[in-house]
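**Q** Sending over a structure as structure tokens; questions will come in a sec.
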Amino acid sequence: MSKADPGFLSSFKESLAGSKALASAPKEITEILRGGGFPSPPKGDAAAQEAEVLSALTQAVAVLDAKADGSAQAFKGVVLEATQAVADASDGVSAQEQAVLDKVRAALA
């Protein structure tokens with residue numbers, strides 16, 4: 001989302017919004033997020049970074065789906081809530097941000 005709406009103030013507002021959404025996640029999801037370690041930032045140009053993040057989301061959902069304990073649905077909800085909050089944080093959702101939201105939804109489907 002940060003690449004879709006560059007700028008320091010926008011990035012700051014978006015970071016706060018995303019942090020709030022993740023902080024309010026269900027316990028099982030916060031445990032997964034905290035226990036999984038901090039991922040390395042994606043490398044390459046913007047397109048390569050986007051592809052890597054979307055692929056990682058899809059892989060995470062597949063792993064959680066295999067657990068069959070409902071954590072995949074909870075994870076999807078948290079990610080969608082966080083990305084929507086980030087998009088809404090700075091002067092509404094731009095067309096570029098909406099395109100990113102659509103890609104995230106597709107990766108989580």
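Going through the structure tokens in order, the chains are called A, B, and so on, while each chain numbers its residues from 1 and the ligands are numbered from 1 in the order shown.
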Residues within 10 Å of A:Leu54, please, as a VMD selection string. Count only C-alpha atoms; anything in the same chain fewer than 2 positions from it doesn't count.

**A** chain A and resid 48 to 52 56 to 60 100 103 to 108

**Q** Could you save the residues just selected, with N, CA and C atoms, as a PDB file, in the first residue's frame?

**A**
```
ATOM      1  N   ALA A  48       8.386  -6.655  -8.559  1.00  0.00           N
ATOM      2  CA  ALA A  48       8.909  -7.870  -7.927  1.00  0.00           C
ATOM      3  C   ALA A  48       8.513  -7.919  -6.453  1.00  0.00           C
ATOM      4  N   GLN A  49       8.567  -6.775  -5.783  1.00  0.00           N
ATOM      5  CA  GLN A  49       8.166  -6.707  -4.376  1.00  0.00           C
ATOM      6  C   GLN A  49       6.688  -7.057  -4.222  1.00  0.00           C
ATOM      7  N   GLU A  50       5.861  -6.480  -5.089  1.00  0.00           N
ATOM      8  CA  GLU A  50       4.426  -6.760  -5.044  1.00  0.00           C
ATOM      9  C   GLU A  50       4.155  -8.241  -5.261  1.00  0.00           C
ATOM     10  N   ALA A  51       4.793  -8.819  -6.257  1.00  0.00           N
ATOM     11  CA  ALA A  51       4.590 -10.235  -6.557  1.00  0.00           C
ATOM     12  C   ALA A  51       5.013 -11.110  -5.381  1.00  0.00           C
ATOM     13  N   GLU A  52       6.121 -10.767  -4.734  1.00  0.00           N
ATOM     14  CA  GLU A  52       6.603 -11.555  -3.596  1.00  0.00           C
ATOM     15  C   GLU A  52       5.641 -11.477  -2.414  1.00  0.00           C
ATOM     16  N   ALA A  56       3.423 -14.534  -0.918  1.00  0.00           N
ATOM     17  CA  ALA A  56       3.549 -14.913   0.496  1.00  0.00           C
ATOM     18  C   ALA A  56       2.179 -14.956   1.172  1.00  0.00           C
ATOM     19  N   LEU A  57       1.300 -14.031   0.827  1.00  0.00           N
ATOM     20  CA  LEU A  57      -0.058 -14.050   1.381  1.00  0.00           C
ATOM     21  C   LEU A  57      -0.790 -15.324   0.974  1.00  0.00           C
ATOM     22  N   THR A  58      -0.687 -15.669  -0.293  1.00  0.00           N
ATOM     23  CA  THR A  58      -1.342 -16.879  -0.797  1.00  0.00           C
ATOM     24  C   THR A  58      -0.791 -18.118  -0.101  1.00  0.00           C
ATOM     25  N   GLN A  59       0.522 -18.172   0.073  1.00  0.00           N
ATOM     26  CA  GLN A  59       1.148 -19.305   0.750  1.00  0.00           C
ATOM     27  C   GLN A  59       0.708 -19.384   2.213  1.00  0.00           C
ATOM     28  N   ALA A  60       0.628 -18.247   2.883  1.00  0.00           N
ATOM     29  CA  ALA A  60       0.206 -18.227   4.285  1.00  0.00           C
ATOM     30  C   ALA A  60      -1.216 -18.773   4.426  1.00  0.00           C
ATOM     31  N   VAL A 100      -4.445  -2.103  -5.410  1.00  0.00           N
ATOM     32  CA  VAL A 100      -3.670  -2.931  -4.481  1.00  0.00           C
ATOM     33  C   VAL A 100      -4.616  -3.745  -3.601  1.00  0.00           C
ATOM     34  N   LYS A 103      -5.853  -6.690  -5.477  1.00  0.00           N
ATOM     35  CA  LYS A 103      -4.836  -7.729  -5.608  1.00  0.00           C
ATOM     36  C   LYS A 103      -4.680  -8.509  -4.307  1.00  0.00           C
ATOM     37  N   VAL A 104      -4.734  -7.816  -3.172  1.00  0.00           N
ATOM     38  CA  VAL A 104      -4.637  -8.493  -1.877  1.00  0.00           C
ATOM     39  C   VAL A 104      -5.828  -9.426  -1.692  1.00  0.00           C
ATOM     40  N   ARG A 105      -7.026  -8.943  -2.023  1.00  0.00           N
ATOM     41  CA  ARG A 105      -8.229  -9.801  -1.916  1.00  0.00           C
ATOM     42  C   ARG A 105      -8.062 -11.054  -2.771  1.00  0.00           C
ATOM     43  N   ALA A 106      -7.560 -10.880  -3.987  1.00  0.00           N
ATOM     44  CA  ALA A 106      -7.378 -12.019  -4.876  1.00  0.00           C
ATOM     45  C   ALA A 106      -6.334 -12.994  -4.322  1.00  0.00           C
ATOM     46  N   ALA A 107      -5.267 -12.479  -3.736  1.00  0.00           N
ATOM     47  CA  ALA A 107      -4.223 -13.333  -3.171  1.00  0.00           C
ATOM     48  C   ALA A 107      -4.738 -14.127  -1.986  1.00  0.00           C
ATOM     49  N   LEU A 108      -5.709 -13.565  -1.270  1.00  0.00           N
ATOM     50  CA  LEU A 108      -6.265 -14.221  -0.087  1.00  0.00           C
ATOM     51  C   LEU A 108      -7.409 -15.179  -0.415  1.00  0.00           C
TER      52      LEU A 108
END
```

**Q** Where does DSSP see helix (DSSP H, G or I) in chain A, if you list the residues as a PyMOL selection string?

**A** chain A and resi 8-23+27-35+46-67+71-88+95-108

**Q** For the residues selected in the previous step, produce a file with C-alpha atoms as a PDB file, in the first residue's frame.

**A**
```
ATOM      1  CA  PHE A   8       6.018  10.892   4.566  1.00  0.00           C
ATOM      2  CA  LEU A   9       2.750  12.041   6.134  1.00  0.00           C
ATOM      3  CA  SER A  10       0.729   9.476   4.206  1.00  0.00           C
ATOM      4  CA  SER A  11       3.164   6.732   5.184  1.00  0.00           C
ATOM      5  CA  PHE A  12       3.000   7.775   8.838  1.00  0.00           C
ATOM      6  CA  LYS A  13      -0.825   7.788   8.886  1.00  0.00           C
ATOM      7  CA  GLU A  14      -0.906   4.462   7.086  1.00  0.00           C
ATOM      8  CA  SER A  15       1.598   2.885   9.491  1.00  0.00           C
ATOM      9  CA  LEU A  16      -0.518   3.911  12.458  1.00  0.00           C
ATOM     10  CA  ALA A  17      -3.704   2.606  10.853  1.00  0.00           C
ATOM     11  CA  GLY A  18      -2.116  -0.724   9.973  1.00  0.00           C
ATOM     12  CA  SER A  19      -0.631  -1.095  13.451  1.00  0.00           C
ATOM     13  CA  LYS A  20      -4.001  -0.451  15.087  1.00  0.00           C
ATOM     14  CA  ALA A  21      -5.689  -3.042  12.889  1.00  0.00           C
ATOM     15  CA  LEU A  22      -3.053  -5.663  13.646  1.00  0.00           C
ATOM     16  CA  ALA A  23      -3.166  -4.868  17.368  1.00  0.00           C
ATOM     17  CA  LYS A  27      -5.495 -13.819  19.817  1.00  0.00           C
ATOM     18  CA  GLU A  28      -4.732 -16.784  17.549  1.00  0.00           C
ATOM     19  CA  ILE A  29      -3.684 -14.447  14.752  1.00  0.00           C
ATOM     20  CA  THR A  30      -1.505 -12.222  16.951  1.00  0.00           C
ATOM     21  CA  GLU A  31       0.217 -15.396  18.187  1.00  0.00           C
ATOM     22  CA  ILE A  32       0.859 -16.469  14.595  1.00  0.00           C
ATOM     23  CA  LEU A  33       2.143 -13.025  13.645  1.00  0.00           C
ATOM     24  CA  ARG A  34       4.398 -12.756  16.698  1.00  0.00           C
ATOM     25  CA  GLY A  35       5.641 -16.330  16.540  1.00  0.00           C
ATOM     26  CA  ALA A  46       8.180  -2.469  -7.166  1.00  0.00           C
ATOM     27  CA  ALA A  47       6.639  -5.167  -9.377  1.00  0.00           C
ATOM     28  CA  ALA A  48       8.909  -7.870  -7.927  1.00  0.00           C
ATOM     29  CA  GLN A  49       8.166  -6.707  -4.376  1.00  0.00           C
ATOM     30  CA  GLU A  50       4.426  -6.760  -5.044  1.00  0.00           C
ATOM     31  CA  ALA A  51       4.590 -10.235  -6.557  1.00  0.00           C
ATOM     32  CA  GLU A  52       6.603 -11.555  -3.596  1.00  0.00           C
ATOM     33  CA  VAL A  53       4.209 -10.125  -1.001  1.00  0.00           C
ATOM     34  CA  LEU A  54       1.107 -11.389  -2.812  1.00  0.00           C
ATOM     35  CA  SER A  55       2.677 -14.828  -3.214  1.00  0.00           C
ATOM     36  CA  ALA A  56       3.549 -14.913   0.496  1.00  0.00           C
ATOM     37  CA  LEU A  57      -0.058 -14.050   1.381  1.00  0.00           C
ATOM     38  CA  THR A  58      -1.342 -16.879  -0.797  1.00  0.00           C
ATOM     39  CA  GLN A  59       1.148 -19.305   0.750  1.00  0.00           C
ATOM     40  CA  ALA A  60       0.206 -18.227   4.285  1.00  0.00           C
ATOM     41  CA  VAL A  61      -3.471 -18.851   3.570  1.00  0.00           C
ATOM     42  CA  ALA A  62      -2.671 -22.306   2.152  1.00  0.00           C
ATOM     43  CA  VAL A  63      -0.734 -23.233   5.296  1.00  0.00           C
ATOM     44  CA  LEU A  64      -3.512 -21.963   7.560  1.00  0.00           C
ATOM     45  CA  ASP A  65      -6.207 -23.673   5.444  1.00  0.00           C
ATOM     46  CA  ALA A  66      -4.397 -26.965   5.991  1.00  0.00           C
ATOM     47  CA  LYS A  67      -4.762 -26.517   9.748  1.00  0.00           C
ATOM     48  CA  SER A  71      -7.291 -19.530  11.498  1.00  0.00           C
ATOM     49  CA  ALA A  72      -7.184 -18.975   7.721  1.00  0.00           C
ATOM     50  CA  GLN A  73     -10.473 -17.041   7.802  1.00  0.00           C
ATOM     51  CA  ALA A  74      -9.301 -15.030  10.797  1.00  0.00           C
ATOM     52  CA  PHE A  75      -5.984 -14.286   9.065  1.00  0.00           C
ATOM     53  CA  LYS A  76      -7.752 -13.157   5.899  1.00  0.00           C
ATOM     54  CA  GLY A  77     -10.004 -10.894   7.938  1.00  0.00           C
ATOM     55  CA  VAL A  78      -7.088  -9.278   9.750  1.00  0.00           C
ATOM     56  CA  VAL A  79      -5.114  -8.709   6.552  1.00  0.00           C
ATOM     57  CA  LEU A  80      -8.131  -7.242   4.756  1.00  0.00           C
ATOM     58  CA  GLU A  81      -8.997  -5.030   7.725  1.00  0.00           C
ATOM     59  CA  ALA A  82      -5.409  -3.785   7.997  1.00  0.00           C
ATOM     60  CA  THR A  83      -5.030  -3.078   4.271  1.00  0.00           C
ATOM     61  CA  GLN A  84      -8.397  -1.295   4.153  1.00  0.00           C
ATOM     62  CA  ALA A  85      -7.467   0.790   7.225  1.00  0.00           C
ATOM     63  CA  VAL A  86      -4.157   1.721   5.624  1.00  0.00           C
ATOM     64  CA  ALA A  87      -5.873   2.695   2.364  1.00  0.00           C
ATOM     65  CA  ASP A  88      -8.454   4.793   4.231  1.00  0.00           C
ATOM     66  CA  ALA A  95      -7.450   4.352  -7.586  1.00  0.00           C
ATOM     67  CA  GLN A  96      -3.929   2.946  -7.096  1.00  0.00           C
ATOM     68  CA  GLU A  97      -4.748   1.897  -3.546  1.00  0.00           C
ATOM     69  CA  GLN A  98      -7.965   0.259  -4.698  1.00  0.00           C
ATOM     70  CA  ALA A  99      -5.982  -1.716  -7.255  1.00  0.00           C
ATOM     71  CA  VAL A 100      -3.670  -2.931  -4.481  1.00  0.00           C
ATOM     72  CA  LEU A 101      -6.660  -3.835  -2.280  1.00  0.00           C
ATOM     73  CA  ASP A 102      -8.119  -5.856  -5.148  1.00  0.00           C
ATOM     74  CA  LYS A 103      -4.836  -7.729  -5.608  1.00  0.00           C
ATOM     75  CA  VAL A 104      -4.637  -8.493  -1.877  1.00  0.00           C
ATOM     76  CA  ARG A 105      -8.229  -9.801  -1.916  1.00  0.00           C
ATOM     77  CA  ALA A 106      -7.378 -12.019  -4.876  1.00  0.00           C
ATOM     78  CA  ALA A 107      -4.223 -13.333  -3.171  1.00  0.00           C
ATOM     79  CA  LEU A 108      -6.265 -14.221  -0.087  1.00  0.00           C
TER      80      LEU A 108
END
```

**Q** Rounded to one decimal, what separation in Å do you get between atom CA of A:Gly70 and atom CA of A:Ala109?

**A**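 Result for atom CA of A:Gly70 versus atom CA of A:Ala109: 14.5 Å, one decimal.
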